[in-house]
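Peer 1: Here it is, the structure in full.
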Protein chains: 2
Amino acid sequence: MNGAQALIRTLIACGVDTCFSNPGTSEMHFVAALDHEPGMRGVLCLFEGVATGAADGYGRMAGRPAATLLHLGPGLANGLANLHNAHRAGTPLLNIVGDHATHHKRYDAPLESDIDSLARPVSSWIRRSARSADVGADAADAVAAARRAPGGVATLILPADVSWSAGGEPAAPPVIRRPAPVPDDVVRSAAKVLRSGEPCLLLLGGSALSRAGLDAASRIAAGTGARVLGETFPARLARGAGLPALDRLAYLAEFATAQLAGTRQLILAGTRAPVSFFAYPGQASSLVPGDGQVHQLAGPGDDVPAALAALAALAAPEARAVPQPAQRPALPGSAGGAAAEEALTAENAAAVIGALLPEGAIVSDEANTSGLWLPAATAGAPPHDWLTLTGGAIGQGLPVATGAAAACPDRPVLALEADGSAMYTISSLWTHAREGLDVTTVIFSNRAYAILNLELQRVGAVGPGAGAGAGTGVGAGNGSEAGAGPAARSLLDLSRPDIDFTALAAGMGVPASRASTTGEFAGQLRRALAEPGPHLIEAIVPPVA
Amino acid sequence: MNGAQALIRTLIACGVDTCFSNPGTSEMHFVAALDHEPGMRGVLCLFEGVATGAADGYGRMAGRPAATLLHLGPGLANGLANLHNAHRAGTPLLNIVGDHATHHKRYDAPLESDIDSLARPVSSWIRRSARSADVGADAADAVAAARRAPGGVATLILPADVSWSAGGEPAAPPVIRRPAPVPDDVVRSAAKVLRSGEPCLLLLGGSALSRAGLDAASRIAAGTGARVLGETFPARLARGAGLPALDRLAYLAEFATAQLAGTRQLILAGTRAPVSFFAYPGQASSLVPGDGQVHQLAGPGDDVPAALAALAALAAPEARAVPQPAQRPALPGSAGGAAAEEALTAENAAAVIGALLPEGAIVSDEANTSGLWLPAATAGAPPHDWLTLTGGAIGQGLPVATGAAAACPDRPVLALEADGSAMYTISSLWTHAREGLDVTTVIFSNRAYAILNLELQRVGAVGPGAGAGAGTGVGAGNGSEAGAGPAARSLLDLSRPDIDFTALAAGMGVPASRASTTGEFAGQLRRALAEPGPHLIEAIVPPVA
């Protein structure tokens, strides 16, 4: 058996049965081997960023890795942005990168590049298989690395001759080590903090955002009076009616600062001390209040729900979790709802989504500014999972939906996507069609990089603050006080021409429609959710910012 | 003045007046500064791979760098594949990557990553500006590095606080050093080789593919009997009626080997010794015939045309260059042409292109397998420039056309693009529309990664050769002898669903049509070339391979 076959057999034995692929010549033996290994599903993506983002979405939902199959350094490069997001999410992901044959490297052929240097920033583990006889064991090690809590991107570099040469030996699945329990004294110390009488806040992230983690945190809050917040951008958040509701830390530093004001004791469970997403002139990077103390109950690699349960047992033994009641916004045209003919806005679109979100839905949320009202509007919908943009590299939402749908074929997937972000990985739609994935994509088409219009002001580059702050001073009389000029505005604007997302979707085989009123949006969303397979709705909304 | 303004003023003074941009929050001061520096044109791209590919196309045609503006590590990552191509092309390119403020780095915010590690494989120069006072001088150094012969990717990392802080000082343009002449003894030695009586071949690349280089090489061939070939994938090749015709080394190693067979003396001018693009089981990587000797007249960083002229003066003082006569294929429906109602194929599409190619056209060629007949069909067309896929990272053609059109607004640009490759950077079309670029895009829609169907056989993964070669042996009776099975074929197939490129183009504001016959294609291409602004033609062709 050749190396490629040994690799695939090992992966299947390890529970890795889906490979999001964009192969090239150096991966042809892997591709050919798929016909002899029916346990592996190859999913073609037309761009590597779709493949890596899909593997991220798959890993978040399945709790075990999917593989990618990428072509040399440039193929990896195209997949890096979504690997960055997966790396930040702690997603288990097996990133397979084909390379030139070992004897061909020194000839510096046109596609030669330093794959290790490219992979390092996004990988928790990297190895280059040296021989066909090793590749099975290398793959098992890679799966073990990918599954090491909380999960990570394991990059396996696969030279073409290692694939094609004989002598491959499949390896047995590795033993996946569960994290050791958080030590009792750490739990006791946190319990003491909760009893200190000082304002306490429990900040949850990672696996704390599962039902078990949320239940324990809710008990702690109920029993001790501590506040609970979730991290800003969770990889996966369980929510909806019957689960404890959770507010998340705001993206904008000034709002996050307000949320954290007054906190004296900050207990971290599955996340790190909060920092500002970006730096701003004259603003602190850390969001921890100046006189606050930080305690780490459990890090992202720990068994966070167990640590929270232990803390609840100690600090709030009698308390019970407080479930979110079932409640939905009213539909347009019904009592309490917007008029059906009302122009669509991000706010009333959120109400429609809250009114219609199906039970068990998986929401891939890259709505950005247009998503401001989504958490409140969907909080009391039937139980669902919410996946967010973990690493800030936009273009994640559609591929994550792709992978989530592949991992969970029985659950409806809703991709809530900003127009600007959608364009980075728009060919995800083709894979939705090819695979018949049950993904409903809503494009919030506000025809701007609206977040950047906001940030342009917030960093003090234009507007009343320009020239103040950290001595930015672009000088008087140059117009900077008056807001962005035409050159700057043009770089943040997505009109001229408007992008017609219904045409893009139709061009890739996804049925699509456009909604400009709340009634149109409600009707279209209801139909899309009711029918199997992919759909796209272009929701025409004004910018929020 | 802040750092961003000092940077832009320095760039303008250095002749860098176009910036292909996909900015984020950390680049907002750069964006704001554009309103005060009208000498800099900001061009918005919806994906970073479009920005970097456009800067590549711009640099190839302008001979001086355009800038990019990318957002942190993930933005750079999305641009890396086309930076790889630019790096391989020797294109002067100033790659500006915004970063977090220096004081914010240590907080490891979500978008933090190792930008240097990502940039290194594609950059000939990297620097991180440390202070606003330095950024002007850093930019001048970056321009000097980008323009160092033959040209390179200079990556300037720009922390947000370096942009926004006061104290920026514009720098004067650097002195661009021209390469020293190739030493006389090297030229004399090459002349001696040419007089050896052994079969000589002159392999041209880089700036040897300019009119001056081709003229000198043609004189050498005429005067000495040496053969001349061009490198497989030139960054820019001057060709057409009145220039010496040039055959290029074939992509497929077996054809290249045949072209080079019998060569005893191989003289390199502006390129390196030829190697196989990929490795194949049992095949050599070097394409130099076993008993051949290799001589380097001039490397890519030398003044190659001058070296060739010196060699011509010495070895062929009386000889004259042999110009390609003007000749075009017949148009469909005319005498000697295909019937207008004949089904379109890659071959007769090439004839139509040869018949209609306008004088001064810039051709961005990423037609891949569908481009097989293009060189012959266009050889005698009016003078034009031909830009190819230098680094093998597909998704280059549409962005390179974008940049070439921005650099040369008075010349028609023709992007000849394979359907699979087009999907990596399809949002180039939006920038064509936004900027009103005179780019005619032809998508060769054969609905397959046709090159990979070919490579699947050539690497011995399937077909009669499977199991032979370097011991690939997937074993008897597993179907590998019979060609690719359904799982493999599915990963190389772009149907299910077919991609409708006319819909994609319309969705991004580019007028589009579809051609299935030679007559339709001729009519549509004629109209598209006659009208200003962007157009797209989806050419439905069967796969070649």
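By order of appearance in the structure tokens: chains A, B, ..., then residues from 1 within every chain, and ligands from 1 in the order shown.
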Could you give me the residues within range 103-352 of chain A that DSSP places in strand (DSSP E or B), as JSON, numbers by chain?
Peer 2: {"A": [125, 126, 127, 128, 153, 154, 155, 156, 157, 158, 159, 166, 200, 201, 202, 203, 204, 227, 228, 229, 230, 237, 238, 239, 248, 265, 266, 267, 268, 269, 275, 286, 293, 294, 295, 296, 297, 298, 343]}
Peer 1: When you look at range 482-493 of chain A with a cut-off of 6 Å (counting only C-alpha atoms), what residues show up, excluding the ones that are within fewer than 5 positions of it in the same chain? I need them as a PyMOL selection string.
Peer 2: (chain A and resi 448-449+462-463) or (chain B and resi 31-32+34-35+44)
Peer 1: Find the spatial neighbours of Leu194 in chain B, counting only C-alpha atoms, within a cut-off of 8 Å - ignore same-chain residues fewer than 3 positions away - and output them as an MDAnalysis selection string.
Peer 2: chainID B and resid 190:191 197:198 200 224 226 315
Peer 1: Output all heavy atoms for every residue in the selection just made, as an mmCIF file, in the first residue's frame.
Peer 2:
data_model
loop_
_atom_site.group_PDB
_atom_site.id
_atom_site.type_symbol
_atom_site.label_atom_id
_atom_site.label_comp_id
_atom_site.auth_asym_id
_atom_site.auth_seq_id
_atom_site.Cartn_x
_atom_site.Cartn_y
_atom_site.Cartn_z
ATOM 1 N N ALA B 190 30.840 32.939 -23.270
ATOM 2 C CA ALA B 190 29.619 32.490 -23.952
ATOM 3 C C ALA B 190 29.812 32.483 -25.463
ATOM 4 O O ALA B 190 29.339 31.573 -26.164
ATOM 5 C CB ALA B 190 28.442 33.377 -23.559
ATOM 6 N N ALA B 191 30.529 33.485 -25.959
ATOM 7 C CA ALA B 191 30.784 33.536 -27.408
ATOM 8 C C ALA B 191 31.604 32.334 -27.844
ATOM 9 O O ALA B 191 31.373 31.748 -28.910
ATOM 10 C CB ALA B 191 31.501 34.845 -27.757
ATOM 11 N N GLY B 197 30.851 24.665 -32.064
ATOM 12 C CA GLY B 197 30.397 23.689 -33.036
ATOM 13 C C GLY B 197 29.419 22.690 -32.456
ATOM 14 O O GLY B 197 28.825 21.897 -33.192
ATOM 15 N N GLU B 198 29.231 22.718 -31.149
ATOM 16 C CA GLU B 198 28.265 21.808 -30.530
ATOM 17 C C GLU B 198 26.879 22.451 -30.564
ATOM 18 O O GLU B 198 26.750 23.676 -30.598
ATOM 19 C CB GLU B 198 28.679 21.531 -29.092
ATOM 20 C CG GLU B 198 29.983 20.747 -29.005
ATOM 21 C CD GLU B 198 30.134 20.097 -27.653
ATOM 22 O OE1 GLU B 198 30.021 20.800 -26.636
ATOM 23 O OE2 GLU B 198 30.366 18.880 -27.626
ATOM 24 N N CYS B 200 23.974 24.344 -29.545
ATOM 25 C CA CYS B 200 23.802 25.344 -28.483
ATOM 26 C C CYS B 200 22.345 25.771 -28.404
ATOM 27 O O CYS B 200 21.664 25.870 -29.430
ATOM 28 C CB CYS B 200 24.633 26.591 -28.774
ATOM 29 S SG CYS B 200 26.400 26.335 -28.634
ATOM 30 N N THR B 224 24.846 32.424 -35.474
ATOM 31 C CA THR B 224 25.619 31.287 -34.952
ATOM 32 C C THR B 224 24.922 29.953 -35.131
ATOM 33 O O THR B 224 25.536 28.902 -34.925
ATOM 34 C CB THR B 224 25.885 31.445 -33.440
ATOM 35 O OG1 THR B 224 24.648 31.273 -32.730
ATOM 36 C CG2 THR B 224 26.484 32.801 -33.117
ATOM 37 N N ALA B 226 22.651 28.915 -33.164
ATOM 38 C CA ALA B 226 22.116 28.482 -31.867
ATOM 39 C C ALA B 226 20.593 28.531 -31.897
ATOM 40 O O ALA B 226 19.999 29.362 -32.588
ATOM 41 C CB ALA B 226 22.641 29.376 -30.746
ATOM 42 N N ALA B 315 29.580 37.611 -31.100
ATOM 43 C CA ALA B 315 29.409 36.309 -31.736
ATOM 44 C C ALA B 315 28.707 36.384 -33.084
ATOM 45 O O ALA B 315 28.816 35.456 -33.885
ATOM 46 C CB ALA B 315 28.619 35.375 -30.808
#
Peer 1: Among range 43-236 of chain B, which ones does DSSP place in helix (DSSP H, G or I), written as an mmCIF file with C-alpha atoms, in the first residue's frame?
Peer 2:
data_model
loop_
_atom_site.group_PDB
_atom_site.id
_atom_site.type_symbol
_atom_site.label_atom_id
_atom_site.label_comp_id
_atom_site.auth_asym_id
_atom_site.auth_seq_id
_atom_site.Cartn_x
_atom_site.Cartn_y
_atom_site.Cartn_z
ATOM 1 C CA GLU B 48 -6.442 40.630 -0.638
ATOM 2 C CA GLY B 49 -5.424 38.160 -3.348
ATOM 3 C CA VAL B 50 -6.908 40.593 -5.836
ATOM 4 C CA ALA B 51 -4.883 43.440 -4.349
ATOM 5 C CA THR B 52 -1.581 41.574 -4.454
ATOM 6 C CA GLY B 53 -2.191 40.126 -7.910
ATOM 7 C CA ALA B 54 -3.138 43.566 -9.176
ATOM 8 C CA ALA B 55 0.049 45.014 -7.746
ATOM 9 C CA ASP B 56 1.921 42.255 -9.569
ATOM 10 C CA GLY B 57 0.266 43.075 -12.882
ATOM 11 C CA TYR B 58 0.862 46.772 -12.312
ATOM 12 C CA GLY B 59 4.545 46.276 -11.537
ATOM 13 C CA ARG B 60 5.110 44.033 -14.548
ATOM 14 C CA MET B 61 3.682 46.648 -16.882
ATOM 15 C CA ALA B 62 4.773 49.893 -15.213
ATOM 16 C CA LEU B 72 -2.633 42.319 9.698
ATOM 17 C CA GLY B 73 -1.533 38.700 9.370
ATOM 18 C CA PRO B 74 -4.798 37.300 8.001
ATOM 19 C CA GLY B 75 -5.018 40.019 5.364
ATOM 20 C CA LEU B 76 -1.461 39.280 4.332
ATOM 21 C CA ALA B 77 -2.249 35.566 4.346
ATOM 22 C CA ASN B 78 -5.059 36.075 1.842
ATOM 23 C CA GLY B 79 -2.632 37.933 -0.389
ATOM 24 C CA LEU B 80 0.263 35.484 -0.156
ATOM 25 C CA ALA B 81 -0.495 33.253 -3.145
ATOM 26 C CA ASN B 82 -0.276 36.134 -5.573
ATOM 27 C CA LEU B 83 2.721 37.557 -3.726
ATOM 28 C CA HIS B 84 4.324 34.172 -4.341
ATOM 29 C CA ASN B 85 3.673 34.644 -8.057
ATOM 30 C CA ALA B 86 5.047 38.202 -7.927
ATOM 31 C CA HIS B 87 8.107 36.985 -6.036
ATOM 32 C CA ARG B 88 8.720 34.372 -8.731
ATOM 33 C CA ALA B 89 8.099 36.969 -11.441
ATOM 34 C CA THR B 102 3.277 48.356 19.174
ATOM 35 C CA HIS B 103 1.991 48.523 22.757
ATOM 36 C CA HIS B 104 -0.958 46.264 21.848
ATOM 37 C CA LYS B 105 1.090 43.349 20.486
ATOM 38 C CA ARG B 106 1.783 41.690 23.812
ATOM 39 C CA TYR B 107 -1.930 41.332 24.613
ATOM 40 C CA ILE B 115 3.395 38.559 10.284
ATOM 41 C CA ASP B 116 7.112 38.126 9.708
ATOM 42 C CA SER B 117 6.802 34.353 9.476
ATOM 43 C CA LEU B 118 4.016 34.720 6.940
ATOM 44 C CA ALA B 119 5.802 37.361 4.873
ATOM 45 C CA ARG B 120 9.232 35.761 4.742
ATOM 46 C CA PRO B 121 8.608 33.106 2.066
ATOM 47 C CA VAL B 122 7.398 35.670 -0.471
ATOM 48 C CA SER B 132 6.615 57.573 13.033
ATOM 49 C CA ALA B 133 9.892 59.418 12.538
ATOM 50 C CA ASP B 134 11.311 56.398 10.712
ATOM 51 C CA VAL B 135 8.481 55.466 8.414
ATOM 52 C CA GLY B 136 9.405 57.861 5.604
ATOM 53 C CA ALA B 137 12.948 56.509 5.416
ATOM 54 C CA ASP B 138 11.654 52.962 5.774
ATOM 55 C CA ALA B 139 9.338 53.510 2.829
ATOM 56 C CA ALA B 140 12.166 54.869 0.685
ATOM 57 C CA ASP B 141 14.285 51.840 1.598
ATOM 58 C CA ALA B 142 11.354 49.584 0.741
ATOM 59 C CA VAL B 143 10.991 51.178 -2.677
ATOM 60 C CA ALA B 144 14.721 50.764 -3.281
ATOM 61 C CA ALA B 145 14.460 47.098 -2.294
ATOM 62 C CA ALA B 146 11.413 46.524 -4.496
ATOM 63 C CA ARG B 147 13.229 48.072 -7.449
ATOM 64 C CA ALA B 160 -1.146 51.352 13.826
ATOM 65 C CA ASP B 161 0.519 53.729 16.288
ATOM 66 C CA VAL B 162 3.357 54.391 13.853
ATOM 67 C CA SER B 163 0.628 55.476 11.421
ATOM 68 C CA TRP B 164 -1.310 57.601 13.820
ATOM 69 C CA ASP B 184 33.418 40.919 -20.489
ATOM 70 C CA ASP B 185 35.002 37.562 -19.788
ATOM 71 C CA VAL B 186 31.578 36.024 -19.144
ATOM 72 C CA VAL B 187 30.392 37.355 -22.510
ATOM 73 C CA ARG B 188 33.582 36.168 -24.219
ATOM 74 C CA SER B 189 33.192 32.760 -22.651
ATOM 75 C CA ALA B 190 29.619 32.490 -23.952
ATOM 76 C CA ALA B 191 30.784 33.536 -27.408
ATOM 77 C CA LYS B 192 33.353 30.799 -27.292
ATOM 78 C CA VAL B 193 30.645 28.278 -26.434
ATOM 79 C CA LEU B 194 28.613 29.470 -29.402
ATOM 80 C CA GLY B 206 13.088 37.807 -17.280
ATOM 81 C CA SER B 207 14.153 40.997 -19.014
ATOM 82 C CA ALA B 208 15.605 38.990 -21.918
ATOM 83 C CA LEU B 209 12.002 38.742 -23.048
ATOM 84 C CA ARG B 211 12.134 43.642 -27.442
ATOM 85 C CA ALA B 212 15.804 44.515 -26.923
ATOM 86 C CA GLY B 213 16.607 41.110 -25.455
ATOM 87 C CA LEU B 214 14.693 39.239 -28.132
ATOM 88 C CA ASP B 215 16.355 41.239 -30.910
ATOM 89 C CA ALA B 216 19.817 40.422 -29.592
ATOM 90 C CA ALA B 217 18.971 36.757 -29.122
ATOM 91 C CA SER B 218 17.566 36.592 -32.629
ATOM 92 C CA ARG B 219 20.785 38.064 -34.008
ATOM 93 C CA ILE B 220 22.791 35.468 -32.091
ATOM 94 C CA ALA B 221 20.631 32.667 -33.479
ATOM 95 C CA ALA B 222 20.872 34.008 -37.015
ATOM 96 C CA GLY B 223 24.628 34.439 -36.810
ATOM 97 C CA THR B 224 25.619 31.287 -34.952
#
Peer 1: Near range 251-267 of chain A, counting only C-alpha atoms, which residues have an atom at most 8 Å away, once you skip same-chain residues fewer than 4 positions from it, shown as an MDAnalysis selection string?
Peer 2: chainID A and resid 190 193 198:203 232 276:277 287:289 291:297
Peer 1: Convert the current residue selection to file output with C-alpha atoms, as a compact mmCIF listing (two decimals), in the first residue's frame.
Peer 2:
# COMPACT_ATOMS: atom_id res chain seq x y z
CA ALA A 190 -12.22 30.74 43.43
CA VAL A 193 -13.18 34.94 45.96
CA GLU A 198 -16.60 42.16 46.49
CA PRO A 199 -18.27 42.51 43.08
CA CYS A 200 -17.38 39.31 41.21
CA LEU A 201 -17.70 38.54 37.54
CA LEU A 202 -17.36 35.12 35.97
CA LEU A 203 -16.09 35.36 32.38
CA THR A 232 -16.95 38.28 22.84
CA SER A 276 -9.42 45.32 23.40
CA PHE A 277 -9.82 43.88 19.92
CA LEU A 287 -10.12 45.67 29.65
CA VAL A 288 -9.64 44.55 33.24
CA PRO A 289 -10.72 47.42 35.51
CA ASP A 291 -8.40 47.87 40.59
CA GLY A 292 -9.67 44.47 39.52
CA GLN A 293 -8.05 41.18 40.43
CA VAL A 294 -7.96 38.34 37.93
CA HIS A 295 -8.29 34.66 38.84
CA GLN A 296 -8.01 31.77 36.43
CA LEU A 297 -10.35 28.97 37.45
